[in-house]
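In what follows, a single structure is set out as structure tokens and then discussed.
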Protein chains: 2
Amino acid sequence: MPQKQGKTTRTDSIVFRLTQDIVSKRIAPGTPLDETRLGQQFGASRTPIREALRQLAASGLIELRPHRSPLVAAADIVRLREMFDVMAELEALCAQRCCTDMSAAQRHALEAHHRDMATSVREGNVADYRQGNMAFHALIYDGTNNAYLKQLALMTRERLAPHRGVQLEAPARLARSYAEHEEIVTAILRGDQTGAASAMRQHLAITQETLEQIAAQR
Amino acid sequence: MPQKQGKTTRTDSIVFRLTQDIVSKRIAPGTPLDETRLGQQFGASRTPIREALRQLAASGLIELRPHRSPLVAAADIVRLREMFDVMAELEALCAQRCCTDMSAAQRHALEAHHRDMATSVREGNVADYRQGNMAFHALIYDGTNNAYLKQLALMTRERLAPHRGVQLEAPARLARSYAEHEEIVTAILRGDQTGAASAMRQHLAITQETLEQIAAQR
DNA sequence: GCGGCAAAAATTGTATGCAGTTCGAAAAAT
DNA sequence: ATTTTTCGAACTGCATACAATTTTTGCCGC
């Protein structure tokens with residue numbers, strides 16, 4: 001489960017760096033991770049290394065067996081596809097629940113946020129849009145008023161985030177993404193459960209296509 | 001996240017005991033967990049305690065913020081209801097996916113297992129049925145051929161298991177549960193996606209009713 | 001008496017040392 | 001030459017000691 005990193009503790013720093021190294025394939029899958037070696041590599045003691053490795057294991061990035069060196073998990077394309085698939089279903093469920101379980105304030109917040117994102121699209125500000133997009137989906141998670149569902153969806157999205165790399169960089173994609181958001185929002189406001197769910201599914205299917213391209217180009 | 005407990009390492013032992021203490025309410029929600037105190041309470045050093053706490057945090061049983069004592073997460077009725085809700089949806093999704101993604105061998109295994117469970121029902125053997133029920137649902141998780149979906153469903157079920165207490169003890173419940181299983185199996189074998197999903201949802205709604213009774217009697 | 005500040009106490013984060021287990025290599029037997 | 005056994009090295013699991021940070025407590029000023 002991802003932690004905040006407000007006051008970067010050493011463990012969190014190591015988690016971050018190791019995560020990047022793994023998802024960027026700088027460390028090949030199947031590689032055994034030696035605690036002492038990592039320790040002197042990162043200039044830290046074994047203790048924070050161990051904590052970091054536990055967190056990575058919880059994230060599914062590595063596998064650890066008792067008394068044995070942790071192995072970098074095979075983040076194969078198959079597994080990523082599966083996760084994307086489940087994420088789409090989770091978010092579709094969130095959108096569906098939003099139709100019935102959202103408070104008026106939450107509905108207004110979602111609508112307002114979506115309108116605000118229009119400026120990022122017009123300016124072609126990719127960084128802003130990226131951030132706004134995350135907030136958009138977070139608002140939908142919140143709208144379910146189901147903490148566990150929110151937690152699962154967030155966890156899945158965050159775990160997938162590092163693998164998405166440099167996608168939706170093209171301004172054209174921004175406009176399309178925004179249009180899809182529009183569909184989702186209107187469906188939710190209309191209370192159209194199946195419409196909201198399918199709109200969300202389709203929205204995420206686009207993202208998944210990008211993954212397939214990345215997979216193909218290897 | 002599956003954890004073996006073959007060669008009980010001290011950390012795993014502590015994880016197990018703490019988990020039981022938390023879900024059985026022996027430790028009240030909101031209680032701060034002091035590492036040193038736990039250490040001398042369990043007769044262990046702080047190191048394995050820390051590792052155990054990380055795992056519990058990953059399981060969502062406790063919450064930890066940097067430089068602050070971990071707090072036992074509130075497992076209130078509201079949260080439990082939410083988790084049951086999500087579990088129903090996850091399993092409904094599993095059943096739906098089984099209709100399309102199951103192999104022939106998996107279909108046969110599910111059918112055979114279901115038939116075998118009839119004897120437990122006839123004999124009124126609650127313990128056997130309980131075990132068979134778990135296996136039944138596990139077979140459906142497997143049938144999705146989606147490791148991540150399986151992981152989420154299993155995790156949710158396991159986390160909920162301790163709270164289900166002494167339900168479905170009455171032999172009458174066994175027969176009813178079995179009939180519901182029957183519906184699910186036939187829907188899956190027929191390839192009826194929506195039928196399988198709704199049958200599963202209804203099957204779990206029964207379970208949830210029991211929870212409500214437990215909640216009410218407190 | 002009340003609010004802010006500072007120092008002390010308590011608790012988490014980190015480092016290091018030791019013991020137990022696993023894995024590999026060398027040696028012995030077939 | 002191949003297989004088995006044994007021994008050693010390396011690494012993980014655990015314990016303890018130290019550093020950093022937070023919280024509490026006591027004091028001073030208002």
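The chains in the structure tokens are called A, B, ... from first to last as shown; in each chain the residues are counted from 1, and the ligands are counted from 1 in the order shown.
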
Spatial neighbours of region 69-77 of chain A, 7 Å, only C-alpha atoms (C1' of nucleotides), chain gap at least 3 places, as a list in words
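Those residues are Pro29, Gly30, Thr31, Pro32, Leu33, Asp34, Leu61, Ile62, Glu63, Leu64, Arg65, Leu80, Arg81 and Ala215 of chain A.
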
With a distance cut-off of 12 Å and only C-alpha atoms (C1' of nucleotides), select the neighbouring residues of His108 (chain B), excluding the residue or stretch itself and same-chain residues fewer than 5 positions from it, and output the selection as number ranges by chain.
B: 102-103, 113-115, 139-140, 143, 185-186, 188-189

Those residues you just picked out, can you put them in a file as a PDB file, in the first residue's frame with C-alpha atoms?
```
ATOM      1  CA  MET B 102     -12.807 -20.828 -18.075  1.00  0.00           C
ATOM      2  CA  SER B 103     -11.026 -23.792 -19.575  1.00  0.00           C
ATOM      3  CA  HIS B 113     -16.504 -30.266  -6.722  1.00  0.00           C
ATOM      4  CA  HIS B 114     -20.036 -28.976  -6.492  1.00  0.00           C
ATOM      5  CA  ARG B 115     -21.429 -32.496  -6.838  1.00  0.00           C
ATOM      6  CA  LEU B 139     -12.350 -22.500  -7.991  1.00  0.00           C
ATOM      7  CA  ILE B 140     -14.392 -19.616  -9.301  1.00  0.00           C
ATOM      8  CA  GLY B 143     -11.734 -19.761 -13.363  1.00  0.00           C
ATOM      9  CA  VAL B 185     -22.749 -23.406 -11.502  1.00  0.00           C
ATOM     10  CA  THR B 186     -25.494 -23.951 -14.033  1.00  0.00           C
ATOM     11  CA  ILE B 188     -21.642 -20.516 -15.601  1.00  0.00           C
ATOM     12  CA  LEU B 189     -21.854 -23.773 -17.540  1.00  0.00           C
TER      13      LEU B 189
END
```

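For chain D, the residues having at least one atom no farther than 8 Å from chain A, when counting only C-alpha atoms (C1' of nucleotides), are DC11, DT12 and DG13 of chain D.
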
Serialized selection, all heavy atoms, as a PDB file, in the first residue's frame:
```pdb
ATOM      1  P    DC D  11      26.071 -12.225  -0.077  1.00  0.00           P
ATOM      2  OP1  DC D  11      26.196 -11.784  -1.474  1.00  0.00           O
ATOM      3  OP2  DC D  11      26.759 -11.448   0.995  1.00  0.00           O
ATOM      4  O5'  DC D  11      24.525 -12.318   0.290  1.00  0.00           O
ATOM      5  C5'  DC D  11      23.795 -13.492  -0.062  1.00  0.00           C
ATOM      6  C4'  DC D  11      22.780 -13.801   1.016  1.00  0.00           C
ATOM      7  O4'  DC D  11      23.424 -14.481   2.123  1.00  0.00           O
ATOM      8  C3'  DC D  11      22.138 -12.553   1.613  1.00  0.00           C
ATOM      9  O3'  DC D  11      20.738 -12.607   1.458  1.00  0.00           O
ATOM     10  C2'  DC D  11      22.513 -12.597   3.078  1.00  0.00           C
ATOM     11  C1'  DC D  11      22.777 -14.070   3.310  1.00  0.00           C
ATOM     12  N1   DC D  11      23.673 -14.309   4.466  1.00  0.00           N
ATOM     13  C2   DC D  11      23.281 -15.200   5.477  1.00  0.00           C
ATOM     14  O2   DC D  11      22.191 -15.783   5.374  1.00  0.00           O
ATOM     15  N3   DC D  11      24.100 -15.409   6.537  1.00  0.00           N
ATOM     16  C4   DC D  11      25.265 -14.763   6.606  1.00  0.00           C
ATOM     17  N4   DC D  11      26.041 -14.999   7.661  1.00  0.00           N
ATOM     18  C5   DC D  11      25.681 -13.853   5.595  1.00  0.00           C
ATOM     19  C6   DC D  11      24.864 -13.653   4.560  1.00  0.00           C
ATOM     20  P    DT D  12      19.863 -11.245   1.796  1.00  0.00           P
ATOM     21  OP1  DT D  12      19.180 -10.881   0.548  1.00  0.00           O
ATOM     22  OP2  DT D  12      20.692 -10.261   2.518  1.00  0.00           O
ATOM     23  O5'  DT D  12      18.771 -11.802   2.830  1.00  0.00           O
ATOM     24  C5'  DT D  12      18.064 -12.997   2.543  1.00  0.00           C
ATOM     25  C4'  DT D  12      17.643 -13.686   3.838  1.00  0.00           C
ATOM     26  O4'  DT D  12      18.815 -13.954   4.653  1.00  0.00           O
ATOM     27  C3'  DT D  12      16.685 -12.864   4.709  1.00  0.00           C
ATOM     28  O3'  DT D  12      15.637 -13.698   5.181  1.00  0.00           O
ATOM     29  C2'  DT D  12      17.576 -12.371   5.844  1.00  0.00           C
ATOM     30  C1'  DT D  12      18.570 -13.513   5.970  1.00  0.00           C
ATOM     31  N1   DT D  12      19.855 -13.121   6.585  1.00  0.00           N
ATOM     32  C2   DT D  12      20.275 -13.736   7.732  1.00  0.00           C
ATOM     33  O2   DT D  12      19.621 -14.604   8.293  1.00  0.00           O
ATOM     34  N3   DT D  12      21.479 -13.301   8.218  1.00  0.00           N
ATOM     35  C4   DT D  12      22.300 -12.327   7.680  1.00  0.00           C
ATOM     36  O4   DT D  12      23.356 -12.020   8.210  1.00  0.00           O
ATOM     37  C5   DT D  12      21.800 -11.715   6.464  1.00  0.00           C
ATOM     38  C7   DT D  12      22.592 -10.631   5.798  1.00  0.00           C
ATOM     39  C6   DT D  12      20.625 -12.128   5.996  1.00  0.00           C
ATOM     40  P    DG D  13      14.382 -13.007   5.994  1.00  0.00           P
ATOM     41  OP1  DG D  13      13.158 -13.751   5.638  1.00  0.00           O
ATOM     42  OP2  DG D  13      14.437 -11.551   5.788  1.00  0.00           O
ATOM     43  O5'  DG D  13      14.715 -13.296   7.522  1.00  0.00           O
ATOM     44  C5'  DG D  13      14.474 -14.594   8.058  1.00  0.00           C
ATOM     45  C4'  DG D  13      14.774 -14.610   9.541  1.00  0.00           C
ATOM     46  O4'  DG D  13      16.166 -14.273   9.762  1.00  0.00           O
ATOM     47  C3'  DG D  13      13.959 -13.603  10.362  1.00  0.00           C
ATOM     48  O3'  DG D  13      13.526 -14.221  11.574  1.00  0.00           O
ATOM     49  C2'  DG D  13      14.949 -12.475  10.616  1.00  0.00           C
ATOM     50  C1'  DG D  13      16.268 -13.234  10.714  1.00  0.00           C
ATOM     51  N9   DG D  13      17.432 -12.436  10.378  1.00  0.00           N
ATOM     52  C8   DG D  13      17.622 -11.685   9.244  1.00  0.00           C
ATOM     53  N7   DG D  13      18.779 -11.080   9.210  1.00  0.00           N
ATOM     54  C5   DG D  13      19.392 -11.455  10.396  1.00  0.00           C
ATOM     55  C6   DG D  13      20.672 -11.114  10.911  1.00  0.00           C
ATOM     56  O6   DG D  13      21.533 -10.390  10.403  1.00  0.00           O
ATOM     57  N1   DG D  13      20.908 -11.716  12.160  1.00  0.00           N
ATOM     58  C2   DG D  13      20.013 -12.533  12.815  1.00  0.00           C
ATOM     59  N2   DG D  13      20.390 -13.014  13.993  1.00  0.00           N
ATOM     60  N3   DG D  13      18.809 -12.863  12.326  1.00  0.00           N
ATOM     61  C4   DG D  13      18.575 -12.292  11.122  1.00  0.00           C
TER      62       DG D  13
END
```

Counting only C-alpha atoms (C1' of nucleotides), give me one row per residue of chain C with an atom at most 10 Å from an atom of chain B, showing the shortest contact pair and its distance in Å to one decimal, sorted by chain then residue number, as a Markdown table.
```
| residue | atom | partner | partner_atom | distance |
| --- | --- | --- | --- | --- |
| C:DT11 | C1' | B:Asp34 | CA | 7.7 |
| C:DT12 | C1' | B:His67 | CA | 5.0 |
| C:DG13 | C1' | B:His67 | CA | 7.5 |
```

Can those selected residues be exported to a file as a PDB file, in the first residue's frame so that it contains N, CA, C and O atoms (P, O5', C5', C4', C3', O3' and C1' of nucleotides)?
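Dumped everything to part-v6.pdb:
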```
ATOM      1  P    DT C  11       6.323   5.567  25.166  1.00  0.00           P
ATOM      2  O5'  DT C  11       6.486   5.553  23.588  1.00  0.00           O
ATOM      3  C5'  DT C  11       5.998   6.666  22.837  1.00  0.00           C
ATOM      4  C4'  DT C  11       6.628   6.683  21.463  1.00  0.00           C
ATOM      5  C3'  DT C  11       6.966   5.295  20.897  1.00  0.00           C
ATOM      6  O3'  DT C  11       6.515   5.199  19.563  1.00  0.00           O
ATOM      7  C1'  DT C  11       8.826   6.708  20.727  1.00  0.00           C
ATOM      8  P    DT C  12       6.516   3.810  18.778  1.00  0.00           P
ATOM      9  O5'  DT C  12       7.137   4.208  17.360  1.00  0.00           O
ATOM     10  C5'  DT C  12       6.603   5.304  16.642  1.00  0.00           C
ATOM     11  C4'  DT C  12       7.678   5.958  15.788  1.00  0.00           C
ATOM     12  C3'  DT C  12       8.226   5.065  14.666  1.00  0.00           C
ATOM     13  O3'  DT C  12       8.330   5.814  13.463  1.00  0.00           O
ATOM     14  C1'  DT C  12       9.991   5.891  15.990  1.00  0.00           C
ATOM     15  P    DG C  13       8.745   5.066  12.094  1.00  0.00           P
ATOM     16  O5'  DG C  13      10.292   5.417  11.955  1.00  0.00           O
ATOM     17  C5'  DG C  13      10.649   6.642  11.317  1.00  0.00           C
ATOM     18  C4'  DG C  13      12.167   6.759  11.223  1.00  0.00           C
ATOM     19  C3'  DG C  13      12.824   5.744  10.276  1.00  0.00           C
ATOM     20  O3'  DG C  13      13.818   6.401   9.494  1.00  0.00           O
ATOM     21  C1'  DG C  13      13.808   5.613  12.410  1.00  0.00           C
TER      22       DG C  13
END
```

Provide as a PyMOL selection string the residues of chain B at most 7 Å from chain A, counting only C-alpha atoms.
chain B and resi 1+58+82-83+86+146+148-149

Take the residues that were just selected and, keeping all heavy atoms, output them as a compact mmCIF listing (two decimals), in the first residue's frame.
```txt
# COMPACT_ATOMS: atom_id res chain seq x y z
N MET B 1 -2.49 -10.65 -0.40
CA MET B 1 -1.10 -11.11 -0.37
C MET B 1 -1.01 -12.39 0.43
O MET B 1 -1.26 -12.43 1.62
CB MET B 1 -0.32 -10.04 0.31
CG MET B 1 1.09 -10.34 0.50
SD MET B 1 1.65 -9.01 1.45
CE MET B 1 0.19 -8.04 1.58
N ALA B 58 -0.10 -3.19 5.40
CA ALA B 58 -0.37 -3.55 4.02
C ALA B 58 -1.73 -4.25 3.92
O ALA B 58 -2.42 -4.13 2.91
CB ALA B 58 0.73 -4.46 3.48
N GLU B 82 -19.24 -2.19 3.86
CA GLU B 82 -18.61 -1.77 2.61
C GLU B 82 -17.79 -2.91 2.01
O GLU B 82 -17.84 -3.18 0.81
CB GLU B 82 -17.70 -0.57 2.86
CG GLU B 82 -18.46 0.71 3.17
CD GLU B 82 -17.52 1.84 3.54
OE1 GLU B 82 -16.29 1.61 3.61
OE2 GLU B 82 -18.01 2.96 3.76
N MET B 83 -17.05 -3.59 2.87
CA MET B 83 -16.21 -4.66 2.36
C MET B 83 -17.05 -5.81 1.82
O MET B 83 -16.73 -6.39 0.78
CB MET B 83 -15.27 -5.16 3.46
CG MET B 83 -14.17 -4.17 3.79
SD MET B 83 -13.01 -4.80 5.02
CE MET B 83 -12.21 -6.10 4.07
N VAL B 86 -18.28 -4.81 -1.57
CA VAL B 86 -17.26 -4.92 -2.62
C VAL B 86 -16.96 -6.38 -2.92
O VAL B 86 -16.79 -6.76 -4.08
CB VAL B 86 -15.97 -4.19 -2.20
CG1 VAL B 86 -14.86 -4.44 -3.20
CG2 VAL B 86 -16.24 -2.69 -2.07
N ASN B 146 -7.39 -14.77 -14.14
CA ASN B 146 -6.85 -13.43 -13.94
C ASN B 146 -6.26 -13.40 -12.53
O ASN B 146 -6.98 -13.32 -11.54
CB ASN B 146 -7.95 -12.38 -14.11
CG ASN B 146 -7.43 -10.96 -13.98
OD1 ASN B 146 -6.54 -10.70 -13.17
ND2 ASN B 146 -7.96 -10.06 -14.79
N TYR B 148 -4.67 -11.25 -10.81
CA TYR B 148 -4.88 -10.08 -9.95
C TYR B 148 -6.29 -10.08 -9.37
O TYR B 148 -6.48 -9.82 -8.19
CB TYR B 148 -4.61 -8.80 -10.74
CG TYR B 148 -4.64 -7.56 -9.89
CD1 TYR B 148 -3.71 -7.36 -8.88
CD2 TYR B 148 -5.61 -6.59 -10.08
CE1 TYR B 148 -3.74 -6.24 -8.09
CE2 TYR B 148 -5.65 -5.44 -9.30
CZ TYR B 148 -4.71 -5.28 -8.31
OH TYR B 148 -4.74 -4.15 -7.52
N LEU B 149 -7.25 -10.37 -10.23
CA LEU B 149 -8.63 -10.45 -9.75
C LEU B 149 -8.76 -11.51 -8.67
O LEU B 149 -9.38 -11.29 -7.63
CB LEU B 149 -9.56 -10.77 -10.93
CG LEU B 149 -11.04 -10.90 -10.61
CD1 LEU B 149 -11.56 -9.69 -9.88
CD2 LEU B 149 -11.84 -11.15 -11.88
```

Among the residues of chain A, find those DSSP assigns to alpha helix (DSSP H) from the backbone and print them as a VMD selection string.
chain A and resid 10 to 23 35 to 42 46 to 59 77 to 101 104 to 123 126 to 143 147 to 160 171 to 190 193 to 216

RMSD over all C-alpha atoms, chain B superposed on chain A in order?
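Result of the CA superposition: 0.9 Å.
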
Interatomic distance (Å, one decimal) between CA of Ala95 (chain A) and CA of Gly132 (chain A)
17.2 Å

When DSSP is applied to the backbone of this structure, which of chain B are assigned strand (DSSP E or B)? Write them out as a PyMOL selection string.
chain B and resi 32+62-63+71-72

Mind dumping the selected residues with N, CA, C and O atoms as a PDB file, in the first residue's frame?
```
ATOM      1  N   PRO B  32      -3.288   3.002  19.965  1.00  0.00           N
ATOM      2  CA  PRO B  32      -1.928   3.127  19.424  1.00  0.00           C
ATOM      3  C   PRO B  32      -1.102   1.913  19.799  1.00  0.00           C
ATOM      4  O   PRO B  32      -1.158   1.425  20.923  1.00  0.00           O
ATOM      5  N   ILE B  62      -4.059  -1.882  10.248  1.00  0.00           N
ATOM      6  CA  ILE B  62      -3.602  -0.737  11.018  1.00  0.00           C
ATOM      7  C   ILE B  62      -3.191   0.371  10.051  1.00  0.00           C
ATOM      8  O   ILE B  62      -2.975   0.130   8.864  1.00  0.00           O
ATOM      9  N   GLU B  63      -3.086   1.560  10.590  1.00  0.00           N
ATOM     10  CA  GLU B  63      -2.641   2.692   9.781  1.00  0.00           C
ATOM     11  C   GLU B  63      -1.392   3.264  10.428  1.00  0.00           C
ATOM     12  O   GLU B  63      -1.348   3.443  11.636  1.00  0.00           O
ATOM     13  N   LEU B  71      -1.961   3.094  14.416  1.00  0.00           N
ATOM     14  CA  LEU B  71      -3.276   3.018  15.040  1.00  0.00           C
ATOM     15  C   LEU B  71      -4.037   1.821  14.479  1.00  0.00           C
ATOM     16  O   LEU B  71      -3.970   1.540  13.285  1.00  0.00           O
ATOM     17  N   VAL B  72      -4.737   1.131  15.357  1.00  0.00           N
ATOM     18  CA  VAL B  72      -5.590   0.035  14.913  1.00  0.00           C
ATOM     19  C   VAL B  72      -6.739   0.619  14.097  1.00  0.00           C
ATOM     20  O   VAL B  72      -7.468   1.480  14.579  1.00  0.00           O
TER      21      VAL B  72
END
```

Between C1' of DA20 (chain D) and CA of Phe42 (chain A), what is the spacing in Å?
19.6 Å

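Here C1' of DA15 (chain C) is placed at a distance of 9.7 Å from CA of Pro48 (chain A).
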
Which polymer residues have any atom within 12 Å of an atom of DA6 (chain C), counting only C-alpha atoms (C1' of nucleotides), with same-chain residues fewer than 2 positions away left out, as an MDAnalysis selection string?
(chainID C and resid 4 8) or (chainID D and resid 24:28)

So that I can see what lies close to DA29 (chain C), please list as a ChimeraX atom specification the residues with an atom at most 12 Å from it, counting only C-alpha atoms (C1' of nucleotides) and leaving out residues fewer than 6 positions away in the same chain.
/D:2-5

Include all heavy atoms and write out the residues we just selected as a PDB file, in the first residue's frame.
```pdb
ATOM      1  P    DT D   2      29.624 -36.949 -17.093  1.00  0.00           P
ATOM      2  OP1  DT D   2      28.739 -36.979 -18.270  1.00  0.00           O
ATOM      3  OP2  DT D   2      30.295 -35.700 -16.700  1.00  0.00           O
ATOM      4  O5'  DT D   2      28.820 -37.524 -15.841  1.00  0.00           O
ATOM      5  C5'  DT D   2      28.417 -38.900 -15.840  1.00  0.00           C
ATOM      6  C4'  DT D   2      27.881 -39.282 -14.462  1.00  0.00           C
ATOM      7  O4'  DT D   2      28.985 -39.500 -13.531  1.00  0.00           O
ATOM      8  C3'  DT D   2      26.991 -38.221 -13.808  1.00  0.00           C
ATOM      9  O3'  DT D   2      25.817 -38.848 -13.297  1.00  0.00           O
ATOM     10  C2'  DT D   2      27.857 -37.639 -12.699  1.00  0.00           C
ATOM     11  C1'  DT D   2      28.678 -38.865 -12.308  1.00  0.00           C
ATOM     12  N1   DT D   2      29.964 -38.538 -11.638  1.00  0.00           N
ATOM     13  C2   DT D   2      30.272 -39.167 -10.454  1.00  0.00           C
ATOM     14  O2   DT D   2      29.553 -39.981  -9.917  1.00  0.00           O
ATOM     15  N3   DT D   2      31.496 -38.785  -9.917  1.00  0.00           N
ATOM     16  C4   DT D   2      32.405 -37.871 -10.431  1.00  0.00           C
ATOM     17  O4   DT D   2      33.452 -37.625  -9.870  1.00  0.00           O
ATOM     18  C5   DT D   2      32.009 -37.260 -11.666  1.00  0.00           C
ATOM     19  C7   DT D   2      32.895 -36.256 -12.332  1.00  0.00           C
ATOM     20  C6   DT D   2      30.830 -37.607 -12.208  1.00  0.00           C
ATOM     21  P    DT D   3      24.563 -37.942 -12.788  1.00  0.00           P
ATOM     22  OP1  DT D   3      23.360 -38.457 -13.475  1.00  0.00           O
ATOM     23  OP2  DT D   3      24.944 -36.528 -12.906  1.00  0.00           O
ATOM     24  O5'  DT D   3      24.466 -38.322 -11.247  1.00  0.00           O
ATOM     25  C5'  DT D   3      24.537 -39.694 -10.868  1.00  0.00           C
ATOM     26  C4'  DT D   3      24.943 -39.794  -9.402  1.00  0.00           C
ATOM     27  O4'  DT D   3      26.324 -39.382  -9.234  1.00  0.00           O
ATOM     28  C3'  DT D   3      24.117 -38.923  -8.455  1.00  0.00           C
ATOM     29  O3'  DT D   3      23.594 -39.737  -7.408  1.00  0.00           O
ATOM     30  C2'  DT D   3      25.109 -37.894  -7.928  1.00  0.00           C
ATOM     31  C1'  DT D   3      26.421 -38.665  -8.023  1.00  0.00           C
ATOM     32  N1   DT D   3      27.628 -37.795  -8.111  1.00  0.00           N
ATOM     33  C2   DT D   3      28.611 -37.931  -7.152  1.00  0.00           C
ATOM     34  O2   DT D   3      28.552 -38.717  -6.228  1.00  0.00           O
ATOM     35  N3   DT D   3      29.696 -37.090  -7.332  1.00  0.00           N
ATOM     36  C4   DT D   3      29.877 -36.167  -8.347  1.00  0.00           C
ATOM     37  O4   DT D   3      30.884 -35.475  -8.382  1.00  0.00           O
ATOM     38  C5   DT D   3      28.811 -36.076  -9.305  1.00  0.00           C
ATOM     39  C7   DT D   3      28.904 -35.103 -10.433  1.00  0.00           C
ATOM     40  C6   DT D   3      27.752 -36.883  -9.144  1.00  0.00           C
ATOM     41  P    DT D   4      22.514 -39.133  -6.346  1.00  0.00           P
ATOM     42  OP1  DT D   4      21.450 -40.135  -6.181  1.00  0.00           O
ATOM     43  OP2  DT D   4      22.179 -37.765  -6.781  1.00  0.00           O
ATOM     44  O5'  DT D   4      23.358 -39.056  -4.997  1.00  0.00           O
ATOM     45  C5'  DT D   4      24.135 -40.185  -4.592  1.00  0.00           C
ATOM     46  C4'  DT D   4      25.090 -39.779  -3.484  1.00  0.00           C
ATOM     47  O4'  DT D   4      26.166 -38.959  -4.022  1.00  0.00           O
ATOM     48  C3'  DT D   4      24.463 -38.950  -2.362  1.00  0.00           C
ATOM     49  O3'  DT D   4      24.796 -39.525  -1.103  1.00  0.00           O
ATOM     50  C2'  DT D   4      25.059 -37.561  -2.536  1.00  0.00           C
ATOM     51  C1'  DT D   4      26.416 -37.894  -3.136  1.00  0.00           C
ATOM     52  N1   DT D   4      27.010 -36.791  -3.928  1.00  0.00           N
ATOM     53  C2   DT D   4      28.283 -36.345  -3.594  1.00  0.00           C
ATOM     54  O2   DT D   4      28.935 -36.800  -2.675  1.00  0.00           O
ATOM     55  N3   DT D   4      28.755 -35.329  -4.396  1.00  0.00           N
ATOM     56  C4   DT D   4      28.105 -34.734  -5.467  1.00  0.00           C
ATOM     57  O4   DT D   4      28.637 -33.835  -6.098  1.00  0.00           O
ATOM     58  C5   DT D   4      26.788 -35.251  -5.750  1.00  0.00           C
ATOM     59  C7   DT D   4      25.998 -34.678  -6.882  1.00  0.00           C
ATOM     60  C6   DT D   4      26.302 -36.249  -4.980  1.00  0.00           C
ATOM     61  P    DT D   5      24.084 -39.040   0.272  1.00  0.00           P
ATOM     62  OP1  DT D   5      23.657 -40.224   1.046  1.00  0.00           O
ATOM     63  OP2  DT D   5      23.122 -37.987  -0.077  1.00  0.00           O
ATOM     64  O5'  DT D   5      25.325 -38.373   1.035  1.00  0.00           O
ATOM     65  C5'  DT D   5      26.611 -39.003   0.967  1.00  0.00           C
ATOM     66  C4'  DT D   5      27.668 -38.036   1.483  1.00  0.00           C
ATOM     67  O4'  DT D   5      28.066 -37.103   0.439  1.00  0.00           O
ATOM     68  C3'  DT D   5      27.230 -37.184   2.669  1.00  0.00           C
ATOM     69  O3'  DT D   5      28.238 -37.199   3.666  1.00  0.00           O
ATOM     70  C2'  DT D   5      27.042 -35.799   2.075  1.00  0.00           C
ATOM     71  C1'  DT D   5      28.114 -35.805   0.989  1.00  0.00           C
ATOM     72  N1   DT D   5      27.859 -34.847  -0.120  1.00  0.00           N
ATOM     73  C2   DT D   5      28.875 -34.001  -0.510  1.00  0.00           C
ATOM     74  O2   DT D   5      29.978 -33.982   0.001  1.00  0.00           O
ATOM     75  N3   DT D   5      28.551 -33.164  -1.547  1.00  0.00           N
ATOM     76  C4   DT D   5      27.332 -33.088  -2.218  1.00  0.00           C
ATOM     77  O4   DT D   5      27.166 -32.296  -3.128  1.00  0.00           O
ATOM     78  C5   DT D   5      26.315 -33.996  -1.749  1.00  0.00           C
ATOM     79  C7   DT D   5      24.966 -33.993  -2.377  1.00  0.00           C
ATOM     80  C6   DT D   5      26.620 -34.832  -0.732  1.00  0.00           C
TER      81       DT D   5
END
```

Residue neighbourhood region 191-199 of chain A, 7 Å, only C-alpha atoms (C1' of nucleotides), exclusion window fewer than 5 positions, as an mmCIF file with N, CA, C and O atoms, in the first residue's frame:
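Dumped to part.cif:
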```
data_model
loop_
_atom_site.group_PDB
_atom_site.id
_atom_site.type_symbol
_atom_site.label_atom_id
_atom_site.label_comp_id
_atom_site.auth_asym_id
_atom_site.auth_seq_id
_atom_site.Cartn_x
_atom_site.Cartn_y
_atom_site.Cartn_z
ATOM 1 N N ALA A 92 -15.323 1.223 -13.284
ATOM 2 C CA ALA A 92 -16.683 1.191 -13.823
ATOM 3 C C ALA A 92 -17.678 1.038 -12.678
ATOM 4 O O ALA A 92 -18.714 1.721 -12.638
ATOM 5 N N LEU A 93 -17.333 0.173 -11.753
ATOM 6 C CA LEU A 93 -18.191 0.002 -10.587
ATOM 7 C C LEU A 93 -18.300 1.302 -9.796
ATOM 8 O O LEU A 93 -19.382 1.696 -9.351
ATOM 9 N N ALA A 95 -18.001 4.353 -10.927
ATOM 10 C CA ALA A 95 -18.842 5.294 -11.667
ATOM 11 C C ALA A 95 -20.318 4.925 -11.489
ATOM 12 O O ALA A 95 -21.172 5.799 -11.279
ATOM 13 N N GLN A 96 -20.584 3.624 -11.548
ATOM 14 C CA GLN A 96 -21.960 3.168 -11.384
ATOM 15 C C GLN A 96 -22.504 3.546 -10.015
ATOM 16 O O GLN A 96 -23.614 4.072 -9.890
ATOM 17 N N CYS A 99 -23.641 7.129 -9.310
ATOM 18 C CA CYS A 99 -24.978 7.526 -9.761
ATOM 19 C C CYS A 99 -25.985 7.519 -8.624
ATOM 20 O O CYS A 99 -26.906 8.330 -8.580
ATOM 21 N N THR A 100 -25.792 6.612 -7.679
ATOM 22 C CA THR A 100 -26.798 6.475 -6.630
ATOM 23 C C THR A 100 -26.310 6.978 -5.274
ATOM 24 O O THR A 100 -27.118 7.389 -4.443
ATOM 25 N N GLU A 183 -18.495 12.564 -21.023
ATOM 26 C CA GLU A 183 -19.521 11.520 -21.088
ATOM 27 C C GLU A 183 -19.783 10.910 -19.723
ATOM 28 O O GLU A 183 -20.930 10.713 -19.309
ATOM 29 N N ILE A 184 -18.690 10.624 -19.035
ATOM 30 C CA ILE A 184 -18.823 10.001 -17.716
ATOM 31 C C ILE A 184 -19.591 10.916 -16.768
ATOM 32 O O ILE A 184 -20.529 10.497 -16.080
#
```
